[in-house]
$ cat protein_6.cif   # mmCIF, C-alpha atoms and all ligand atoms
data_model
#
loop_
_atom_site.group_PDB
_atom_site.id
_atom_site.type_symbol
_atom_site.label_atom_id
_atom_site.label_comp_id
_atom_site.auth_asym_id
_atom_site.auth_seq_id
_atom_site.Cartn_x
_atom_site.Cartn_y
_atom_site.Cartn_z
ATOM 1 C CA MET A 1 -13.425 55.538 -153.802
ATOM 2 C CA GLY A 2 -17.180 56.143 -153.630
ATOM 3 C CA GLU A 3 -17.573 53.038 -155.755
ATOM 4 C CA LYS A 4 -15.467 51.043 -153.313
ATOM 5 C CA MET A 5 -17.568 52.255 -150.374
ATOM 6 C CA SER A 6 -20.737 50.773 -151.790
ATOM 7 C CA GLU A 7 -19.107 47.395 -152.271
ATOM 8 C CA ILE A 8 -19.881 44.926 -149.519
ATOM 9 C CA ILE A 9 -17.934 41.931 -150.862
ATOM 10 C CA ASN A 10 -14.570 41.999 -152.609
ATOM 11 C CA ILE A 11 -13.223 38.755 -153.993
ATOM 12 C CA GLU A 12 -9.589 39.289 -154.848
ATOM 13 C CA ASN A 13 -7.747 36.795 -156.996
ATOM 14 C CA VAL A 14 -9.196 33.795 -155.188
ATOM 15 C CA THR A 15 -7.944 30.348 -156.122
ATOM 16 C CA LYS A 16 -8.899 27.025 -154.591
ATOM 17 C CA LYS A 17 -6.991 23.882 -155.450
ATOM 18 C CA TYR A 18 -7.803 20.324 -154.471
ATOM 19 C CA GLY A 19 -4.469 18.650 -155.095
ATOM 20 C CA ASP A 20 -3.707 19.478 -158.719
ATOM 21 C CA PHE A 21 -7.312 20.273 -159.553
ATOM 22 C CA ILE A 22 -8.228 23.957 -159.700
ATOM 23 C CA ALA A 23 -11.825 24.375 -158.500
ATOM 24 C CA VAL A 24 -11.710 28.193 -158.338
ATOM 25 C CA ASP A 25 -9.272 29.955 -160.620
ATOM 26 C CA LYS A 26 -7.932 33.459 -159.793
ATOM 27 C CA LEU A 27 -11.424 34.788 -159.425
ATOM 28 C CA ASN A 28 -12.165 38.483 -158.958
ATOM 29 C CA LEU A 29 -15.604 39.876 -158.226
ATOM 30 C CA ASN A 30 -16.928 42.896 -156.379
ATOM 31 C CA ILE A 31 -20.472 42.875 -155.100
ATOM 32 C CA LYS A 32 -22.372 46.042 -154.261
ATOM 33 C CA LYS A 33 -24.334 46.400 -151.083
ATOM 34 C CA GLY A 34 -28.000 45.653 -151.641
ATOM 35 C CA SER A 35 -27.490 43.784 -154.884
ATOM 36 C CA PHE A 36 -28.905 40.401 -155.784
ATOM 37 C CA ILE A 37 -26.423 38.248 -157.697
ATOM 38 C CA GLY A 38 -27.202 34.932 -159.341
ATOM 39 C CA LEU A 39 -24.367 32.474 -159.820
ATOM 40 C CA LEU A 40 -25.111 30.167 -162.719
ATOM 41 C CA GLY A 41 -22.926 27.385 -163.972
ATOM 42 C CA PRO A 42 -22.856 23.703 -164.842
ATOM 43 C CA ASN A 43 -22.212 20.951 -162.283
ATOM 44 C CA GLY A 44 -18.656 21.198 -161.037
ATOM 45 C CA ALA A 45 -18.212 24.841 -162.111
ATOM 46 C CA GLY A 46 -17.014 25.719 -158.612
ATOM 47 C CA LYS A 47 -20.088 27.531 -157.288
ATOM 48 C CA THR A 48 -20.295 25.716 -153.965
ATOM 49 C CA THR A 49 -16.532 25.950 -153.529
ATOM 50 C CA LEU A 50 -16.712 29.706 -154.077
ATOM 51 C CA ILE A 51 -19.622 30.110 -151.649
ATOM 52 C CA SER A 52 -17.763 28.014 -149.060
ATOM 53 C CA ILE A 53 -14.815 30.383 -149.346
ATOM 54 C CA LEU A 54 -17.055 33.462 -149.110
ATOM 55 C CA ILE A 55 -18.650 32.215 -145.897
ATOM 56 C CA GLY A 56 -15.304 31.356 -144.336
ATOM 57 C CA LEU A 57 -15.835 27.606 -144.355
ATOM 58 C CA LEU A 58 -12.995 26.932 -146.794
ATOM 59 C CA LYS A 59 -9.659 28.673 -146.874
ATOM 60 C CA PRO A 60 -8.617 29.742 -150.356
ATOM 61 C CA SER A 61 -5.309 28.364 -151.643
ATOM 62 C CA ASP A 62 -4.543 31.891 -152.762
ATOM 63 C CA GLY A 63 -6.220 35.305 -152.774
ATOM 64 C CA LYS A 64 -8.509 37.001 -150.289
ATOM 65 C CA VAL A 65 -12.150 37.707 -149.587
ATOM 66 C CA PHE A 66 -13.182 40.935 -147.903
ATOM 67 C CA ILE A 67 -16.641 41.469 -146.519
ATOM 68 C CA MET A 68 -17.500 44.939 -145.210
ATOM 69 C CA GLY A 69 -13.828 45.688 -145.527
ATOM 70 C CA GLN A 70 -12.710 42.862 -143.235
ATOM 71 C CA GLU A 71 -10.914 39.768 -144.374
ATOM 72 C CA MET A 72 -13.179 36.736 -144.151
ATOM 73 C CA SER A 73 -11.829 33.774 -142.253
ATOM 74 C CA ARG A 74 -13.120 30.897 -140.194
ATOM 75 C CA ASN A 75 -12.456 32.895 -137.021
ATOM 76 C CA ASN A 76 -14.049 36.192 -137.982
ATOM 77 C CA VAL A 77 -16.896 36.195 -135.467
ATOM 78 C CA PHE A 78 -18.103 39.654 -136.481
ATOM 79 C CA LEU A 79 -18.489 38.660 -140.128
ATOM 80 C CA LYS A 80 -20.131 35.345 -139.255
ATOM 81 C CA LYS A 81 -22.887 37.380 -137.597
ATOM 82 C CA GLN A 82 -23.413 39.435 -140.743
ATOM 83 C CA ILE A 83 -24.091 36.478 -142.993
ATOM 84 C CA GLY A 84 -26.915 33.991 -143.344
ATOM 85 C CA ILE A 85 -26.239 30.699 -145.080
ATOM 86 C CA VAL A 86 -28.529 28.281 -146.888
ATOM 87 C CA PRO A 87 -26.223 25.447 -147.950
ATOM 88 C CA GLN A 88 -26.723 23.128 -150.914
ATOM 89 C CA HIS A 89 -27.323 20.124 -148.704
ATOM 90 C CA ILE A 90 -29.911 19.863 -145.947
ATOM 91 C CA ASN A 91 -28.428 21.247 -142.735
ATOM 92 C CA LEU A 92 -31.246 20.519 -140.317
ATOM 93 C CA ASP A 93 -30.981 18.533 -137.128
ATOM 94 C CA LYS A 94 -33.155 15.599 -138.224
ATOM 95 C CA ASP A 95 -34.110 14.496 -134.720
ATOM 96 C CA LEU A 96 -35.240 17.920 -133.551
ATOM 97 C CA THR A 97 -38.574 19.530 -134.241
ATOM 98 C CA VAL A 98 -38.976 22.511 -136.537
ATOM 99 C CA LYS A 99 -39.097 24.903 -133.607
ATOM 100 C CA GLU A 100 -36.160 23.245 -131.834
ATOM 101 C CA ASN A 101 -34.070 23.674 -134.974
ATOM 102 C CA LEU A 102 -34.776 27.396 -134.855
ATOM 103 C CA ILE A 103 -34.058 27.590 -131.121
ATOM 104 C CA LEU A 104 -30.709 25.914 -131.728
ATOM 105 C CA ALA A 105 -29.894 28.337 -134.543
ATOM 106 C CA ALA A 106 -30.838 31.282 -132.283
ATOM 107 C CA LYS A 107 -28.592 29.953 -129.502
ATOM 108 C CA LEU A 108 -25.611 29.900 -131.831
ATOM 109 C CA PHE A 109 -26.052 33.641 -132.239
ATOM 110 C CA ARG A 110 -26.817 34.117 -128.531
ATOM 111 C CA ILE A 111 -30.329 35.325 -129.246
ATOM 112 C CA LYS A 112 -32.260 34.732 -126.051
ATOM 113 C CA GLY A 113 -35.539 35.112 -124.185
ATOM 114 C CA LYS A 114 -38.342 37.261 -125.520
ATOM 115 C CA GLU A 115 -36.344 38.371 -128.574
ATOM 116 C CA ARG A 116 -35.778 34.741 -129.544
ATOM 117 C CA GLU A 117 -39.420 33.873 -129.064
ATOM 118 C CA ILE A 118 -40.595 36.798 -131.179
ATOM 119 C CA GLN A 119 -38.106 36.123 -133.956
ATOM 120 C CA ILE A 120 -38.962 32.397 -134.114
ATOM 121 C CA GLU A 121 -42.720 33.074 -134.164
ATOM 122 C CA LYS A 122 -42.238 35.619 -136.912
ATOM 123 C CA LEU A 123 -40.233 33.203 -139.072
ATOM 124 C CA LEU A 124 -42.539 30.218 -138.429
ATOM 125 C CA ASP A 125 -45.456 32.341 -139.400
ATOM 126 C CA TYR A 126 -43.799 33.914 -142.412
ATOM 127 C CA MET A 127 -42.462 30.645 -143.837
ATOM 128 C CA ASP A 128 -45.840 28.885 -143.309
ATOM 129 C CA LEU A 129 -44.274 26.500 -140.782
ATOM 130 C CA LYS A 130 -46.419 27.336 -137.766
ATOM 131 C CA LYS A 131 -48.680 24.329 -138.274
ATOM 132 C CA VAL A 132 -45.691 21.955 -138.289
ATOM 133 C CA GLU A 133 -43.651 23.635 -135.568
ATOM 134 C CA ASN A 134 -43.667 20.482 -133.413
ATOM 135 C CA ARG A 135 -42.963 18.039 -136.202
ATOM 136 C CA ILE A 136 -39.634 16.189 -136.128
ATOM 137 C CA SER A 137 -37.779 17.687 -139.041
ATOM 138 C CA ARG A 138 -36.875 14.320 -140.629
ATOM 139 C CA ASN A 139 -40.602 13.958 -141.300
ATOM 140 C CA LEU A 140 -40.987 17.224 -143.173
ATOM 141 C CA SER A 141 -41.625 17.360 -146.895
ATOM 142 C CA GLY A 142 -38.775 18.548 -149.116
ATOM 143 C CA GLY A 143 -40.331 21.978 -149.524
ATOM 144 C CA MET A 144 -40.833 22.409 -145.774
ATOM 145 C CA LYS A 145 -37.214 21.421 -145.149
ATOM 146 C CA ARG A 146 -36.001 24.084 -147.557
ATOM 147 C CA LYS A 147 -38.283 26.694 -145.987
ATOM 148 C CA LEU A 148 -36.985 25.774 -142.541
ATOM 149 C CA MET A 149 -33.413 26.131 -143.807
ATOM 150 C CA ILE A 150 -34.268 29.641 -144.948
ATOM 151 C CA ALA A 151 -35.892 30.476 -141.620
ATOM 152 C CA LYS A 152 -32.724 29.218 -139.892
ATOM 153 C CA ALA A 153 -30.525 31.382 -142.088
ATOM 154 C CA LEU A 154 -32.608 34.464 -141.225
ATOM 155 C CA ILE A 155 -32.734 33.928 -137.477
ATOM 156 C CA HIS A 156 -30.145 36.630 -136.706
ATOM 157 C CA ASP A 157 -31.396 39.056 -139.368
ATOM 158 C CA PRO A 158 -28.183 38.913 -141.401
ATOM 159 C CA GLU A 159 -27.027 41.664 -143.736
ATOM 160 C CA ILE A 160 -25.849 39.256 -146.444
ATOM 161 C CA LEU A 161 -27.491 36.024 -147.544
ATOM 162 C CA PHE A 162 -25.761 33.176 -149.349
ATOM 163 C CA LEU A 163 -28.094 30.584 -150.837
ATOM 164 C CA ASP A 164 -26.739 27.535 -152.634
ATOM 165 C CA GLU A 165 -29.550 26.019 -154.713
ATOM 166 C CA PRO A 166 -32.239 26.868 -152.167
ATOM 167 C CA THR A 167 -35.185 25.552 -154.169
ATOM 168 C CA VAL A 168 -33.970 22.122 -155.285
ATOM 169 C CA GLY A 169 -36.827 19.640 -155.292
ATOM 170 C CA VAL A 170 -39.296 22.267 -154.090
ATOM 171 C CA ASP A 171 -42.797 22.472 -155.567
ATOM 172 C CA LEU A 172 -44.186 25.549 -157.251
ATOM 173 C CA ASN A 173 -45.961 26.994 -154.210
ATOM 174 C CA ALA A 174 -43.037 26.580 -151.845
ATOM 175 C CA ARG A 175 -40.722 27.985 -154.509
ATOM 176 C CA ARG A 176 -42.888 31.072 -154.912
ATOM 177 C CA LYS A 177 -42.878 31.498 -151.130
ATOM 178 C CA ILE A 178 -39.093 31.305 -151.080
ATOM 179 C CA TRP A 179 -38.901 33.776 -153.968
ATOM 180 C CA ASP A 180 -41.200 36.193 -152.122
ATOM 181 C CA THR A 181 -39.040 35.919 -149.021
ATOM 182 C CA LEU A 182 -35.930 36.739 -151.021
ATOM 183 C CA LYS A 183 -37.655 39.698 -152.684
ATOM 184 C CA VAL A 184 -38.631 41.042 -149.263
ATOM 185 C CA MET A 185 -35.017 40.657 -148.105
ATOM 186 C CA LYS A 186 -33.831 42.484 -151.197
ATOM 187 C CA ASN A 187 -36.296 45.311 -150.531
ATOM 188 C CA MET A 188 -34.919 45.572 -147.018
ATOM 189 C CA GLY A 189 -31.541 46.349 -148.589
ATOM 190 C CA LYS A 190 -29.918 42.996 -147.917
ATOM 191 C CA THR A 191 -27.243 41.690 -150.248
ATOM 192 C CA ILE A 192 -28.051 38.293 -151.720
ATOM 193 C CA ILE A 193 -25.890 35.759 -153.549
ATOM 194 C CA LEU A 194 -27.754 32.788 -154.952
ATOM 195 C CA THR A 195 -26.700 29.775 -156.973
ATOM 196 C CA THR A 196 -29.286 27.891 -158.938
ATOM 197 C CA HIS A 197 -29.778 25.516 -161.828
ATOM 198 C CA TYR A 198 -33.219 26.972 -162.433
ATOM 199 C CA ILE A 199 -32.607 29.648 -164.982
ATOM 200 C CA GLU A 200 -36.021 31.213 -164.546
ATOM 201 C CA GLU A 201 -35.223 31.583 -160.852
ATOM 202 C CA ALA A 202 -32.104 33.610 -161.598
ATOM 203 C CA GLU A 203 -33.942 35.633 -164.215
ATOM 204 C CA HIS A 204 -36.892 36.317 -161.938
ATOM 205 C CA LEU A 205 -34.867 37.360 -158.897
ATOM 206 C CA CYS A 206 -31.411 38.536 -159.783
ATOM 207 C CA GLU A 207 -30.307 41.922 -161.040
ATOM 208 C CA LYS A 208 -27.042 40.492 -162.254
ATOM 209 C CA ILE A 209 -26.144 37.027 -163.350
ATOM 210 C CA ALA A 210 -22.613 35.702 -163.151
ATOM 211 C CA LEU A 211 -21.922 32.805 -165.481
ATOM 212 C CA MET A 212 -19.347 30.499 -163.952
ATOM 213 C CA ASP A 213 -17.465 27.564 -165.445
ATOM 214 C CA LYS A 214 -14.193 25.827 -164.675
ATOM 215 C CA GLY A 215 -13.632 27.962 -161.605
ATOM 216 C CA ARG A 216 -13.984 31.287 -163.389
ATOM 217 C CA ILE A 217 -16.682 33.879 -163.945
ATOM 218 C CA PHE A 218 -16.887 34.588 -167.661
ATOM 219 C CA TYR A 219 -19.771 37.037 -167.735
ATOM 220 C CA ASN A 220 -21.408 39.133 -165.060
ATOM 221 C CA ASP A 221 -24.251 41.181 -166.406
ATOM 222 C CA THR A 222 -27.984 41.770 -166.398
ATOM 223 C CA SER A 223 -30.160 39.095 -167.943
ATOM 224 C CA GLU A 224 -31.097 41.586 -170.700
ATOM 225 C CA ASN A 225 -27.481 42.273 -171.632
ATOM 226 C CA LEU A 226 -26.578 38.598 -171.540
ATOM 227 C CA LYS A 227 -29.429 37.846 -173.901
ATOM 228 C CA SER A 228 -28.668 40.651 -176.322
ATOM 229 C CA SER A 229 -25.038 39.523 -176.493
ATOM 230 C CA LEU A 230 -26.399 36.464 -178.301
ATOM 231 C CA GLY A 231 -28.992 38.213 -180.433
ATOM 232 C CA LYS A 232 -32.698 38.833 -180.252
ATOM 233 C CA TYR A 233 -34.187 35.806 -182.010
ATOM 234 C CA THR A 234 -33.484 32.097 -181.821
ATOM 235 C CA VAL A 235 -34.249 29.570 -184.522
ATOM 236 C CA GLU A 236 -34.429 26.070 -183.080
ATOM 237 C CA TYR A 237 -34.276 23.223 -185.584
ATOM 238 C CA PHE A 238 -33.276 19.599 -186.149
ATOM 239 C CA ASP A 239 -30.099 18.891 -188.077
ATOM 240 C CA GLU A 240 -29.784 15.821 -190.326
ATOM 241 C CA HIS A 241 -28.937 13.667 -187.256
ATOM 242 C CA LYS A 242 -32.109 14.747 -185.429
ATOM 243 C CA ILE A 243 -30.117 16.818 -182.975
ATOM 244 C CA THR A 244 -31.555 20.176 -181.971
ATOM 245 C CA LYS A 245 -29.487 23.110 -183.154
ATOM 246 C CA TYR A 246 -29.868 26.761 -182.291
ATOM 247 C CA LYS A 247 -29.032 29.771 -184.370
ATOM 248 C CA TYR A 248 -29.226 33.325 -183.105
ATOM 249 C CA PHE A 249 -30.113 36.472 -185.006
ATOM 250 C CA LYS A 250 -30.058 40.184 -184.299
ATOM 251 C CA ASN A 251 -33.105 40.879 -186.433
ATOM 252 C CA ILE A 252 -36.256 39.044 -187.386
ATOM 253 C CA GLU A 253 -35.749 39.335 -191.157
ATOM 254 C CA ASP A 254 -32.508 37.329 -191.053
ATOM 255 C CA ALA A 255 -34.118 34.787 -188.734
ATOM 256 C CA LYS A 256 -37.008 34.371 -191.211
ATOM 257 C CA ILE A 257 -34.707 34.016 -194.195
ATOM 258 C CA PHE A 258 -32.732 31.323 -192.391
ATOM 259 C CA SER A 259 -35.917 29.552 -191.210
ATOM 260 C CA SER A 260 -37.285 29.380 -194.733
ATOM 261 C CA SER A 261 -34.190 27.450 -195.800
ATOM 262 C CA ILE A 262 -34.855 24.694 -193.249
ATOM 263 C CA GLU A 263 -36.702 21.628 -194.445
ATOM 264 C CA GLU A 264 -37.520 20.186 -191.012
ATOM 265 C CA ASN A 265 -39.869 21.843 -188.548
ATOM 266 C CA PHE A 266 -38.383 24.798 -186.743
ATOM 267 C CA ILE A 267 -39.273 27.204 -183.966
ATOM 268 C CA LEU A 268 -38.606 30.914 -184.240
ATOM 269 C CA ARG A 269 -38.725 32.685 -180.883
ATOM 270 C CA GLU A 270 -37.030 35.350 -178.797
ATOM 271 C CA VAL A 271 -33.651 34.612 -177.231
ATOM 272 C CA SER A 272 -33.966 33.320 -173.665
ATOM 273 C CA LEU A 273 -31.498 33.223 -170.828
ATOM 274 C CA GLU A 274 -31.520 29.464 -171.260
ATOM 275 C CA ASP A 275 -30.081 29.993 -174.752
ATOM 276 C CA VAL A 276 -27.300 32.076 -173.225
ATOM 277 C CA PHE A 277 -26.557 29.381 -170.674
ATOM 278 C CA TYR A 278 -26.708 26.580 -173.240
ATOM 279 C CA ASN A 279 -24.463 28.476 -175.595
ATOM 280 C CA PHE A 280 -22.067 29.297 -172.769
ATOM 281 C CA THR A 281 -21.768 25.752 -171.439
ATOM 282 C CA ASN A 282 -21.490 24.159 -174.873
ATOM 283 C CA ARG A 283 -19.030 26.577 -176.368
ATOM 284 C CA LYS A 284 -15.844 24.939 -177.493
ATOM 285 C CA VAL A 285 -12.954 26.068 -175.364
ATOM 286 C CA THR A 286 -9.458 24.823 -175.944
HETATM 287 N N1 LIG B 301 -13.167 18.296 -151.216
HETATM 288 C C1 LIG B 301 -12.933 18.160 -152.518
HETATM 289 N N2 LIG B 301 -11.892 17.419 -152.965
HETATM 290 C C2 LIG B 301 -11.638 17.298 -154.284
HETATM 291 N N3 LIG B 301 -12.375 17.880 -155.255
HETATM 292 C C3 LIG B 301 -13.424 18.618 -154.870
HETATM 293 C C4 LIG B 301 -13.760 18.791 -153.504
HETATM 294 N N4 LIG B 301 -14.867 19.573 -153.435
HETATM 295 C C5 LIG B 301 -15.193 19.865 -154.707
HETATM 296 N N5 LIG B 301 -14.348 19.297 -155.569
HETATM 297 C C6 LIG B 301 -14.378 19.417 -157.032
HETATM 298 O O1 LIG B 301 -14.339 20.785 -157.370
HETATM 299 C C7 LIG B 301 -15.189 21.045 -158.488
HETATM 300 C C8 LIG B 301 -16.177 22.130 -158.134
HETATM 301 O O2 LIG B 301 -17.109 21.613 -157.196
HETATM 302 P P1 LIG B 301 -18.329 22.473 -156.645
HETATM 303 O O3 LIG B 301 -19.047 21.631 -155.678
HETATM 304 O O4 LIG B 301 -17.802 23.778 -156.179
HETATM 305 O O5 LIG B 301 -19.171 22.675 -157.974
HETATM 306 P P2 LIG B 301 -20.629 23.310 -158.149
HETATM 307 O O6 LIG B 301 -20.503 24.370 -159.190
HETATM 308 O O7 LIG B 301 -21.179 23.699 -156.847
HETATM 309 O O8 LIG B 301 -21.432 22.086 -158.773
HETATM 310 P P3 LIG B 301 -22.999 21.663 -158.565
HETATM 311 O O9 LIG B 301 -23.769 22.503 -159.530
HETATM 312 O O10 LIG B 301 -22.999 20.231 -158.967
HETATM 313 O O11 LIG B 301 -23.359 21.875 -157.147
HETATM 314 C C9 LIG B 301 -15.827 19.706 -158.857
HETATM 315 O O12 LIG B 301 -15.098 19.138 -159.915
HETATM 316 C C10 LIG B 301 -15.677 18.886 -157.597
HETATM 317 O O13 LIG B 301 -15.592 17.512 -157.904
HETATM 318 MG MG MG B 302 -22.790 23.148 -155.789
#
$ encode --input "protein_6.cif" --output "structure tokens"
Amino acid sequence: MGEKMSEIINIENVTKKYGDFIAVDKLNLNIKKGSFIGLLGPNGAGKTTLISILIGLLKPSDGKVFIMGQEMSRNNVFLKKQIGIVPQHINLDKDLTVKENLILAAKLFRIKGKEREIQIEKLLDYMDLKKVENRISRNLSGGMKRKLMIAKALIHDPEILFLDEPTVGVDLNARRKIWDTLKVMKNMGKTIILTTHYIEEAEHLCEKIALMDKGRIFYNDTSENLKSSLGKYTVEYFDEHKITKYKYFKNIEDAKIFSSSIEENFILREVSLEDVFYNFTNRKVT
């Protein structure tokens, strides 16, 4: 019961079908309040579909999503106020300025007057967008667009943040800024769900990483546990067809013995989360 209390999101047996195609397959996941979850999976795994269901944009074909104990649906106005959304694709009004985009976002949540002004100034300042506040958003760089999308998502100070590949095409500095913002949110006790194809992003930010493929979550664990499930050391080498192969070992002695049997060049290194992901997405499933 105490366990249940600390859970802010309960995904119960959620399925989403597009015709005969199953994009999300009887998925169950409980997310604790204040946690930072990374959703990792190959293209088409169902990440965006799942997020769309969680934010009430898509109705599941079966199953239910509860947020703060209430069932999520398109019409749940209370829950819509609790969540901030950074979608995979740019959701800015291209013809409006940076500041006008934020004003519009504030209006949707009925944030008015002085409060709106203060909140917008705070976000412009924090996301380094003050100097471009009057620029038409179609003319922003990719990194600025992504930062503005984050500012938009934070306008109503939501309790839960959903970010679907928030740093795609963003340079190192803007990415670090976005990471810092998310760390600050985490420290404020917000719950964060992030999808990404940048493994180092998930590793850097997320306490738990859920590996998703074919509409299901196969593993949900800390980066450390995911890595140690594979081993501690990786030997990377060319096979006879010049294709890179990876072999994983629990201890360095075995890794060295194996390496010494390889005629081609090899690399012996520690297991990375990328190894886990590669192994996961290339495993043979029947
Ligand atoms: N409206 C739709 N109609 C039919 N199929 C769809 C629809 N939306 C998504 N799909 C399919 O569902 C699967 C999951 O798509 P989804 O966008 O959720 O994947 P994803 O994990 O977010 O992928 P990516 O990493 O490329 O963003 C894909 O095979 C996709 O083609
Ligand atoms: Mg997606």
$ residues_near_ligand --input "protein_6.cif" --ligand "ligand LIG 301 (chain B)" --cutoff "6 Å" --atoms "all atoms listed in the file" --output "list of chain:residue names"
A:Tyr18, A:Ala23, A:Pro42, A:Asn43, A:Gly44, A:Ala45, A:Gly46, A:Lys47, A:Thr48, A:Thr49
$ closest_residue --input "protein_6.cif" --among "A:Cys206, A:Asp62, A:Lys147, A:Gly38" --to "A:Ile11" --atoms "all atoms listed in the file"
A:Asp62
$ atom_distance --input "protein_6.cif" --atom1 "atom CA of A:Ile252" --atom2 "atom CA of A:Tyr233"
6.6 Å
$ closest_atom_pairs --input "protein_6.cif" --of "chain A" --to "ligand MG 302 (chain B)" --cutoff "12 Å" --atoms "only C-alpha atoms and all ligand atoms" --output "tab-separated table"
residue	atom	partner	partner_atom	distance
A:Ala23	CA	B:MG302	MG	11.4
A:Leu39	CA	B:MG302	MG	10.3
A:Leu40	CA	B:MG302	MG	10.1
A:Gly41	CA	B:MG302	MG	9.2
A:Pro42	CA	B:MG302	MG	9.1
A:Asn43	CA	B:MG302	MG	6.9
A:Gly44	CA	B:MG302	MG	7.0
A:Ala45	CA	B:MG302	MG	8.0
A:Gly46	CA	B:MG302	MG	6.9
A:Lys47	CA	B:MG302	MG	5.4
A:Thr48	CA	B:MG302	MG	4.0
A:Thr49	CA	B:MG302	MG	7.2
A:Leu50	CA	B:MG302	MG	9.1
A:Ile51	CA	B:MG302	MG	8.7
A:Ser52	CA	B:MG302	MG	9.7
A:Val86	CA	B:MG302	MG	11.8
A:Pro87	CA	B:MG302	MG	8.9
A:Gln88	CA	B:MG302	MG	6.3
A:His89	CA	B:MG302	MG	8.9
A:Leu163	CA	B:MG302	MG	10.4
A:Asp164	CA	B:MG302	MG	6.7
A:Glu165	CA	B:MG302	MG	7.4
A:Pro166	CA	B:MG302	MG	10.8
A:Val168	CA	B:MG302	MG	11.2
A:Leu194	CA	B:MG302	MG	10.9
A:Thr195	CA	B:MG302	MG	7.8
A:Thr196	CA	B:MG302	MG	8.6
A:His197	CA	B:MG302	MG	9.5
A:Met212	CA	B:MG302	MG	11.5
A:Asp213	CA	B:MG302	MG	11.9
A:Gly215	CA	B:MG302	MG	11.9
$ residues_around --input "protein_6.cif" --residues "A:Gly63" --least-positions-apart "4" --cutoff "12 Å" --atoms "only C-alpha atoms" --output "list in words"
Asn10, Ile11, Glu12, Asn13, Val14, Thr15, Lys16, Lys17, Val24, Asp25, Lys26, Leu27, Asn28, Leu29, Leu50, Ile53, Leu54, Lys59, Glu71 and Met72 of chain A
$ residues_around --input "protein_6.cif" --residues "A:Met149" --least-positions-apart "5" --cutoff "12 Å" --atoms "all atoms listed in the file" --output "ChimeraX atom specification"
/A:84-94,98-99,101-102,105,123-124,127,129,137,140,142-144,154-155,162-167,178
$ atom_distance --input "protein_6.cif" --atom1 "atom CA of A:Glu117" --atom2 "atom CA of A:Ile103"
8.5 Å
$ closest_residue --input "protein_6.cif" --among "A:Gln70, A:Ser35, A:Ser6, A:Thr97" --to "A:Leu182" --atoms "all atoms listed in the file"
A:Ser35
$ closest_residue --input "protein_6.cif" --among "A:Met68, A:Leu226, A:Leu96, A:Met185" --to "A:Glu203" --atoms "all atoms listed in the file"
A:Leu226
$ residues_around --input "protein_6.cif" --residues "A:Lys208" --least-positions-apart "3" --cutoff "6 Å" --atoms "all atoms listed in the file" --output "number ranges by chain"
A: 37, 221-222
$ atom_distance --input "protein_6.cif" --atom1 "atom CA of A:Leu172" --atom2 "atom CA of A:Leu205"
15.1 Å
$ resolve_selection --input "protein_6.cif" --expression "the PyMOL selection byres (((chain A and resi 273) around 9) and not hetatm)" --output "ChimeraX atom specification"
/A:199-200,203,223-224,226-227,271-272,274-278
$ closest_residue --input "protein_6.cif" --among "A:Asn187, A:Asn173, A:Gln119, A:Ser141" --to "A:His156" --atoms "all atoms listed in the file"
A:Gln119
$ axis_aligned_box --input "protein_6.cif" --around "stretch 55-72 of chain A" --padding-each-side "4 Å" --output "JSON"
{"center_x": -11.6, "center_y": 36.3, "center_z": -148.0, "size_x": 22.1, "size_y": 26.8, "size_z": 17.5}
$ residues_around --input "protein_6.cif" --residues "A:Phe258" --least-positions-apart "2" --cutoff "12 Å" --atoms "all atoms listed in the file" --output "PyMOL selection string"
chain A and resi 233-237+246-249+251-256+260-263+266-268
$ resolve_selection --input "protein_6.cif" --expression "the PyMOL selection byres (((chain A and resi 109) around 10) and not hetatm)" --output "short mmCIF file (atom, residue, chain, number, x, y, z; two decimals) with C-alpha atoms, in the coordinates of the input"
data_model
loop_
_atom_site.label_atom_id
_atom_site.label_comp_id
_atom_site.auth_asym_id
_atom_site.auth_seq_id
_atom_site.Cartn_x
_atom_site.Cartn_y
_atom_site.Cartn_z
CA LYS A 80 -20.13 35.34 -139.26
CA LYS A 81 -22.89 37.38 -137.60
CA LEU A 104 -30.71 25.91 -131.73
CA ALA A 105 -29.89 28.34 -134.54
CA ALA A 106 -30.84 31.28 -132.28
CA LYS A 107 -28.59 29.95 -129.50
CA LEU A 108 -25.61 29.90 -131.83
CA ARG A 110 -26.82 34.12 -128.53
CA ILE A 111 -30.33 35.33 -129.25
CA LYS A 112 -32.26 34.73 -126.05
CA ILE A 155 -32.73 33.93 -137.48
CA HIS A 156 -30.14 36.63 -136.71
#
$ resolve_selection --input "protein_6.cif" --expression "the PyMOL selection byres (((chain A and resi 220) around 6) and not hetatm)" --output "list in words"
Ile209, Ala210, Tyr219 and Asp221 of chain A
$ closest_residue --input "protein_6.cif" --among "A:Asn139, A:Thr191, A:Asn265, A:Asn279" --to "A:Asp239" --atoms "only C-alpha atoms"
A:Asn265
$ closest_residue --input "protein_6.cif" --among "A:Lys131, A:Arg216, A:Arg146, A:Arg269" --to "A:Lys232" --atoms "all atoms listed in the file"
A:Arg269
